[in-house]
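final38.pdb (PDB, C-alpha atoms, pLDDT in the B column)
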ATOM      1  CA  MET T   1     158.426 144.277 135.614  1.00 52.00           C
ATOM      2  CA  LYS T   2     155.880 146.979 134.952  1.00 62.00           C
ATOM      3  CA  LYS T   3     153.106 147.657 137.455  1.00 69.00           C
ATOM      4  CA  VAL T   4     149.506 147.335 136.096  1.00 62.00           C
ATOM      5  CA  SER T   5     147.125 150.131 136.976  1.00 67.00           C
ATOM      6  CA  PRO T   6     143.974 149.247 138.966  1.00 68.00           C
ATOM      7  CA  PHE T   7     141.810 150.525 136.081  1.00 65.00           C
ATOM      8  CA  LEU T   8     143.525 148.222 133.563  1.00 62.00           C
ATOM      9  CA  ARG T   9     143.420 145.293 136.000  1.00 63.00           C
ATOM     10  CA  LYS T  10     139.663 145.792 136.415  1.00 66.00           C
ATOM     11  CA  ARG T  11     139.208 145.847 132.614  1.00 65.00           C
ATOM     12  CA  ILE T  12     141.198 142.619 132.243  1.00 65.00           C
ATOM     13  CA  VAL T  13     139.065 140.877 134.882  1.00 60.00           C
ATOM     14  CA  HIS T  14     135.841 142.039 133.183  1.00 58.00           C
ATOM     15  CA  LEU T  15     137.110 140.921 129.769  1.00 61.00           C
ATOM     16  CA  SER T  16     138.111 137.491 131.078  1.00 61.00           C
ATOM     17  CA  MET T  17     134.687 137.079 132.734  1.00 61.00           C
ATOM     18  CA  LEU T  18     132.952 138.039 129.481  1.00 57.00           C
ATOM     19  CA  LEU T  19     135.042 135.571 127.482  1.00 59.00           C
ATOM     20  CA  SER T  20     134.301 132.814 130.010  1.00 59.00           C
ATOM     21  CA  LEU T  21     130.584 133.545 129.827  1.00 57.00           C
ATOM     22  CA  LEU T  22     130.649 133.442 126.023  1.00 57.00           C
ATOM     23  CA  ALA T  23     132.525 130.130 126.045  1.00 55.00           C
ATOM     24  CA  ILE T  24     130.056 128.573 128.477  1.00 57.00           C
ATOM     25  CA  SER T  25     127.031 129.800 126.509  1.00 50.00           C
ATOM     26  CA  SER T  26     128.402 128.471 123.205  1.00 47.00           C
ATOM     27  CA  VAL T  27     128.884 125.032 124.778  1.00 46.00           C
ATOM     28  CA  ALA T  28     125.361 125.129 126.206  1.00 45.00           C
ATOM     29  CA  PHE T  29     123.838 125.948 122.799  1.00 45.00           C
ATOM     30  CA  SER T  30     125.725 123.127 121.065  1.00 46.00           C
ATOM     31  CA  GLN T  31     124.379 120.527 123.526  1.00 46.00           C
ATOM     32  CA  THR T  32     120.790 120.299 122.441  1.00 54.00           C
ATOM     33  CA  GLY T  33     119.941 116.707 123.288  1.00 72.00           C
ATOM     34  CA  SER T  34     116.553 117.263 121.669  1.00 81.00           C
ATOM     35  CA  SER T  35     114.779 116.188 118.523  1.00 86.00           C
ATOM     36  CA  SER T  36     112.227 117.456 116.041  1.00 90.00           C
ATOM     37  CA  VAL T  37     109.029 115.983 114.596  1.00 93.00           C
ATOM     38  CA  ARG T  38     107.828 117.223 111.228  1.00 94.00           C
ATOM     39  CA  GLY T  39     105.663 116.190 108.322  1.00 94.00           C
ATOM     40  CA  VAL T  40     102.928 117.015 105.845  1.00 95.00           C
ATOM     41  CA  VAL T  41      99.175 116.617 106.330  1.00 95.00           C
ATOM     42  CA  SER T  42      97.322 115.785 103.105  1.00 94.00           C
ATOM     43  CA  ASP T  43      94.041 114.267 101.915  1.00 93.00           C
ATOM     44  CA  LEU T  44      93.621 110.965 100.021  1.00 91.00           C
ATOM     45  CA  GLN T  45      94.263 112.739  96.677  1.00 92.00           C
ATOM     46  CA  GLY T  46      97.598 114.103  97.956  1.00 92.00           C
ATOM     47  CA  ARG T  47      96.430 117.723  98.316  1.00 93.00           C
ATOM     48  CA  ALA T  48      97.764 119.641 101.303  1.00 94.00           C
ATOM     49  CA  VAL T  49      95.385 120.242 104.210  1.00 94.00           C
ATOM     50  CA  ALA T  50      95.974 123.778 105.471  1.00 94.00           C
ATOM     51  CA  GLY T  51      94.748 124.800 108.918  1.00 95.00           C
ATOM     52  CA  ALA T  52      94.732 121.294 110.407  1.00 95.00           C
ATOM     53  CA  ASN T  53      95.353 121.154 114.160  1.00 96.00           C
ATOM     54  CA  VAL T  54      98.344 118.886 114.947  1.00 96.00           C
ATOM     55  CA  SER T  55      99.106 117.838 118.550  1.00 96.00           C
ATOM     56  CA  LEU T  56     102.210 116.053 119.856  1.00 96.00           C
ATOM     57  CA  ILE T  57     101.427 114.281 123.141  1.00 94.00           C
ATOM     58  CA  ASP T  58     103.313 112.266 125.773  1.00 92.00           C
ATOM     59  CA  GLU T  59     101.002 111.694 128.730  1.00 87.00           C
ATOM     60  CA  GLN T  60     103.713 110.110 130.901  1.00 87.00           C
ATOM     61  CA  LYS T  61     105.787 113.304 130.799  1.00 87.00           C
ATOM     62  CA  ASN T  62     102.716 115.582 130.755  1.00 89.00           C
ATOM     63  CA  PHE T  63     103.974 116.968 127.423  1.00 91.00           C
ATOM     64  CA  ASN T  64     101.483 118.456 124.960  1.00 94.00           C
ATOM     65  CA  ARG T  65     102.192 120.832 122.074  1.00 95.00           C
ATOM     66  CA  SER T  66      99.784 121.908 119.356  1.00 95.00           C
ATOM     67  CA  GLN T  67     100.085 123.883 116.149  1.00 94.00           C
ATOM     68  CA  THR T  68      98.283 124.513 112.889  1.00 95.00           C
ATOM     69  CA  THR T  69      99.541 123.377 109.487  1.00 95.00           C
ATOM     70  CA  ASN T  70     100.589 126.085 107.020  1.00 95.00           C
ATOM     71  CA  ASP T  71      99.263 126.563 103.464  1.00 94.00           C
ATOM     72  CA  SER T  72     101.451 123.681 102.237  1.00 94.00           C
ATOM     73  CA  GLY T  73     100.139 121.340 104.958  1.00 95.00           C
ATOM     74  CA  ASN T  74     103.496 121.330 106.783  1.00 96.00           C
ATOM     75  CA  TYR T  75     104.011 121.175 110.538  1.00 96.00           C
ATOM     76  CA  VAL T  76     107.240 121.208 112.591  1.00 95.00           C
ATOM     77  CA  PHE T  77     107.759 120.632 116.308  1.00 95.00           C
ATOM     78  CA  THR T  78     111.281 121.654 117.369  1.00 92.00           C
ATOM     79  CA  ALA T  79     113.159 121.192 120.658  1.00 89.00           C
ATOM     80  CA  VAL T  80     111.229 118.010 121.440  1.00 90.00           C
ATOM     81  CA  PRO T  81     112.640 115.948 124.335  1.00 88.00           C
ATOM     82  CA  PRO T  82     113.550 112.406 123.202  1.00 86.00           C
ATOM     83  CA  GLY T  83     110.823 109.858 123.848  1.00 87.00           C
ATOM     84  CA  THR T  84     107.754 108.107 122.459  1.00 90.00           C
ATOM     85  CA  TYR T  85     104.806 110.295 121.455  1.00 94.00           C
ATOM     86  CA  ARG T  86     101.298 110.213 120.033  1.00 93.00           C
ATOM     87  CA  LEU T  87     100.481 112.523 117.125  1.00 94.00           C
ATOM     88  CA  GLU T  88      96.851 113.637 116.678  1.00 94.00           C
ATOM     89  CA  VAL T  89      95.524 115.552 113.668  1.00 94.00           C
ATOM     90  CA  GLU T  90      92.096 117.174 113.331  1.00 93.00           C
ATOM     91  CA  ALA T  91      90.672 119.185 110.438  1.00 93.00           C
ATOM     92  CA  ALA T  92      87.151 120.262 109.520  1.00 90.00           C
ATOM     93  CA  GLY T  93      85.500 117.770 107.152  1.00 90.00           C
ATOM     94  CA  PHE T  94      87.991 114.981 107.916  1.00 91.00           C
ATOM     95  CA  LYS T  95      88.155 112.062 110.334  1.00 90.00           C
ATOM     96  CA  LYS T  96      90.490 112.589 113.274  1.00 91.00           C
ATOM     97  CA  SER T  97      93.814 110.783 112.792  1.00 91.00           C
ATOM     98  CA  SER T  98      96.010 109.426 115.583  1.00 90.00           C
ATOM     99  CA  VAL T  99      99.534 108.014 115.136  1.00 91.00           C
ATOM    100  CA  THR T 100     101.029 106.182 118.119  1.00 90.00           C
ATOM    101  CA  GLN T 101     104.575 105.033 118.862  1.00 89.00           C
ATOM    102  CA  VAL T 102     106.224 108.080 117.257  1.00 90.00           C
ATOM    103  CA  GLN T 103     109.892 107.850 118.279  1.00 88.00           C
ATOM    104  CA  ALA T 104     111.785 111.128 118.788  1.00 87.00           C
ATOM    105  CA  LEU T 105     115.497 110.289 118.999  1.00 82.00           C
ATOM    106  CA  VAL T 106     118.307 112.592 120.156  1.00 79.00           C
ATOM    107  CA  ASP T 107     119.407 115.008 117.404  1.00 76.00           C
ATOM    108  CA  THR T 108     117.570 112.952 114.763  1.00 80.00           C
ATOM    109  CA  PRO T 109     114.597 114.587 113.021  1.00 86.00           C
ATOM    110  CA  THR T 110     111.514 112.375 112.755  1.00 88.00           C
ATOM    111  CA  SER T 111     109.276 112.748 109.702  1.00 90.00           C
ATOM    112  CA  ILE T 112     105.637 111.600 109.910  1.00 92.00           C
ATOM    113  CA  ASP T 113     103.369 112.398 106.940  1.00 93.00           C
ATOM    114  CA  ILE T 114      99.652 111.992 107.639  1.00 92.00           C
ATOM    115  CA  THR T 115      96.846 111.321 105.187  1.00 92.00           C
ATOM    116  CA  LEU T 116      93.362 112.337 106.342  1.00 92.00           C
ATOM    117  CA  GLU T 117      90.162 110.620 105.230  1.00 90.00           C
ATOM    118  CA  VAL T 118      86.992 112.565 104.488  1.00 88.00           C
ATOM    119  CA  GLY T 119      84.387 112.029 107.176  1.00 81.00           C
ATOM    120  CA  ASN T 120      82.988 113.188 110.489  1.00 74.00           C
ATOM    121  CA  ILE T 121      85.544 114.566 112.974  1.00 62.00           C
ATOM    122  CA  SER T 122      84.045 112.323 115.673  1.00 65.00           C
ATOM    123  CA  GLU T 123      85.427 109.309 113.767  1.00 65.00           C
ATOM    124  CA  THR T 124      89.075 108.427 114.437  1.00 62.00           C
ATOM    125  CA  VAL T 125      91.611 106.646 112.254  1.00 63.00           C
ATOM    126  CA  SER T 126      94.388 105.095 114.386  1.00 62.00           C
ATOM    127  CA  VAL T 127      97.807 104.283 112.965  1.00 66.00           C
ATOM    128  CA  THR T 128     100.820 102.800 114.732  1.00 65.00           C
ATOM    129  CA  ALA T 129     104.143 104.149 113.527  1.00 63.00           C
ATOM    130  CA  GLY T 130     106.246 101.400 111.979  1.00 59.00           C
ATOM    131  CA  GLY T 131     109.370  99.959 113.500  1.00 54.00           C
ATOM    132  CA  ASP T 132     111.378 100.927 110.416  1.00 55.00           C
ATOM    133  CA  ALA T 133     114.965 101.958 110.859  1.00 55.00           C
ATOM    134  CA  PRO T 134     114.980 105.750 111.198  1.00 58.00           C
ATOM    135  CA  ILE T 135     116.529 107.369 108.136  1.00 62.00           C
ATOM    136  CA  ASN T 136     117.465 111.017 108.372  1.00 62.00           C
ATOM    137  CA  THR T 137     116.335 112.638 105.113  1.00 64.00           C
ATOM    138  CA  THR T 138     116.572 116.257 106.281  1.00 65.00           C
ATOM    139  CA  ASP T 139     120.330 116.697 106.787  1.00 64.00           C
ATOM    140  CA  ALA T 140     123.607 114.754 106.576  1.00 61.00           C
ATOM    141  CA  THR T 141     123.952 113.846 110.245  1.00 61.00           C
ATOM    142  CA  ILE T 142     124.198 110.239 111.390  1.00 59.00           C
ATOM    143  CA  GLY T 143     123.216 109.338 114.913  1.00 62.00           C
ATOM    144  CA  ASN T 144     122.174 106.528 117.177  1.00 63.00           C
ATOM    145  CA  THR T 145     120.792 106.412 120.689  1.00 65.00           C
ATOM    146  CA  PHE T 146     121.866 103.823 123.268  1.00 65.00           C
ATOM    147  CA  GLU T 147     119.729 102.867 126.213  1.00 66.00           C
ATOM    148  CA  SER T 148     121.527 102.375 129.519  1.00 69.00           C
ATOM    149  CA  ARG T 149     120.424  98.718 129.368  1.00 72.00           C
ATOM    150  CA  ARG T 150     122.686  98.144 126.343  1.00 68.00           C
ATOM    151  CA  ILE T 151     125.673  99.647 128.112  1.00 68.00           C
ATOM    152  CA  THR T 152     125.194  97.560 131.266  1.00 72.00           C
ATOM    153  CA  GLU T 153     124.288  94.248 129.572  1.00 75.00           C
ATOM    154  CA  LEU T 154     126.857  94.162 126.743  1.00 71.00           C
ATOM    155  CA  PRO T 155     130.285  92.722 127.612  1.00 71.00           C
ATOM    156  CA  LEU T 156     132.327  95.919 127.214  1.00 68.00           C
ATOM    157  CA  ASN T 157     136.002  95.864 128.134  1.00 68.00           C
ATOM    158  CA  ALA T 158     136.212  97.678 131.511  1.00 67.00           C
ATOM    159  CA  GLY T 159     132.838  99.330 130.818  1.00 63.00           C
ATOM    160  CA  ASN T 160     134.408 101.352 127.997  1.00 68.00           C
ATOM    161  CA  VAL T 161     131.531 103.182 126.314  1.00 64.00           C
ATOM    162  CA  VAL T 162     133.766 104.166 123.380  1.00 66.00           C
ATOM    163  CA  GLY T 163     134.074 100.461 122.522  1.00 70.00           C
ATOM    164  CA  LEU T 164     130.297 100.399 122.126  1.00 71.00           C
ATOM    165  CA  LEU T 165     130.548 103.027 119.379  1.00 71.00           C
ATOM    166  CA  SER T 166     132.617 100.715 117.184  1.00 69.00           C
ATOM    167  CA  LEU T 167     129.672  98.295 117.103  1.00 69.00           C
ATOM    168  CA  GLN T 168     127.693 100.835 115.062  1.00 70.00           C
ATOM    169  CA  PRO T 169     127.500 100.527 111.260  1.00 70.00           C
ATOM    170  CA  GLY T 170     130.275 102.480 109.542  1.00 72.00           C
ATOM    171  CA  VAL T 171     132.357 103.153 112.700  1.00 73.00           C
ATOM    172  CA  THR T 172     135.896 101.776 113.102  1.00 71.00           C
ATOM    173  CA  ARG T 173     137.823 101.167 116.359  1.00 68.00           C
ATOM    174  CA  THR T 174     140.088 104.132 115.528  1.00 68.00           C
ATOM    175  CA  GLY T 175     137.155 106.584 115.396  1.00 64.00           C
ATOM    176  CA  PHE T 176     136.605 106.887 111.646  1.00 70.00           C
ATOM    177  CA  VAL T 177     132.928 107.120 110.660  1.00 71.00           C
ATOM    178  CA  ASN T 178     131.949 106.102 107.105  1.00 71.00           C
ATOM    179  CA  GLY T 179     135.336 107.081 105.652  1.00 69.00           C
ATOM    180  CA  GLY T 180     135.492 110.501 107.305  1.00 71.00           C
ATOM    181  CA  ARG T 181     138.420 111.652 109.403  1.00 69.00           C
ATOM    182  CA  ALA T 182     138.379 110.925 113.125  1.00 63.00           C
ATOM    183  CA  ASP T 183     138.248 114.642 114.004  1.00 69.00           C
ATOM    184  CA  GLN T 184     135.037 115.093 111.956  1.00 68.00           C
ATOM    185  CA  ALA T 185     132.899 112.939 114.241  1.00 67.00           C
ATOM    186  CA  ASN T 186     131.036 114.423 117.214  1.00 66.00           C
ATOM    187  CA  ILE T 187     130.205 112.008 120.004  1.00 65.00           C
ATOM    188  CA  THR T 188     127.963 113.078 122.878  1.00 64.00           C
ATOM    189  CA  LEU T 189     127.179 111.263 126.108  1.00 62.00           C
ATOM    190  CA  ASP T 190     123.952 112.399 127.778  1.00 60.00           C
ATOM    191  CA  GLY T 191     123.996 115.443 125.478  1.00 61.00           C
ATOM    192  CA  VAL T 192     127.553 116.482 126.418  1.00 63.00           C
ATOM    193  CA  ASP T 193     130.511 116.323 123.990  1.00 63.00           C
TER
END
If you took the structure in this file and wrote it as structure tokens, what would it be?
Amino acid sequence: MKKVSPFLRKRIVHLSMLLSLLAISSVAFSQTGSSSVRGVVSDLQGRAVAGANVSLIDEQKNFNRSQTTNDSGNYVFTAVPPGTYRLEVEAAGFKKSSVTQVQALVDTPTSIDITLEVGNISETVSVTAGGDAPINTTDATIGNTFESRRITELPLNAGNVVGLLSLQPGVTRTGFVNGGRADQANITLDGVD
């Protein structure tokens, strides 16, 4: 057996540490556990409202982000923690608009388009977001969020969370999702694969 020089041994240790760090950071980036809220702000005629101030608010978590719509009236909030939010929109010459019960689900983009009415900014139009089933129209991902209440109250065999997944539309007991192969599905629990 050949003896390894101290210089080479030190290089091997540094290389293995670097590879470990890269592996850990790639796992951390893949576990987002966040959502996004996006949409278009327009007037009653369907024309984009540029320069409108859009705020995403959750008072319980002390979360408040604001941004201005672009020339096309678009806004996007990324890296939003899952939860229920209020969306407020203000623009000069329009009534203030407020949308409540905006659901941001894990890794599922939420799209809320807002139509502003002409009027005084001191007037407010309040809208409650519908309880429609969330449909992801921005990419091909399929996802669903379970509350801990569902896991504890449903009669799962030995508390097997994987059995809960088969209750979702398009998922089989063997792990196939909507006809795809079992190795093409990514399942996360609390944001971890």
Tell me which protein, DNA and RNA residues are within 12 Å of range 69-77 of chain T, counting only C-alpha atoms, leaving out same-chain ones fewer than 5 positions away, and put them as an MDAnalysis selection string.
chainID T and resid 34:43 46:57 64 85 87 89:91 104 109:116
Pairwise distance for CA of Asp107 in chain T and CA of Gly83 in chain T, rounded to one decimal in Å
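Separation between CA of Asp107 in chain T and CA of Gly83 in chain T: 11.9 Å.
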Pairwise distance, CA of Gln103 in chain T with CA of Gly163 in chain T, equals 25.6 Å
Give me, please, the distance in Å between CA of Phe94 in chain T and CA of Ser66 in chain T, quoted to one decimal.
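Separation between CA of Phe94 in chain T and CA of Ser66 in chain T: 17.8 Å.
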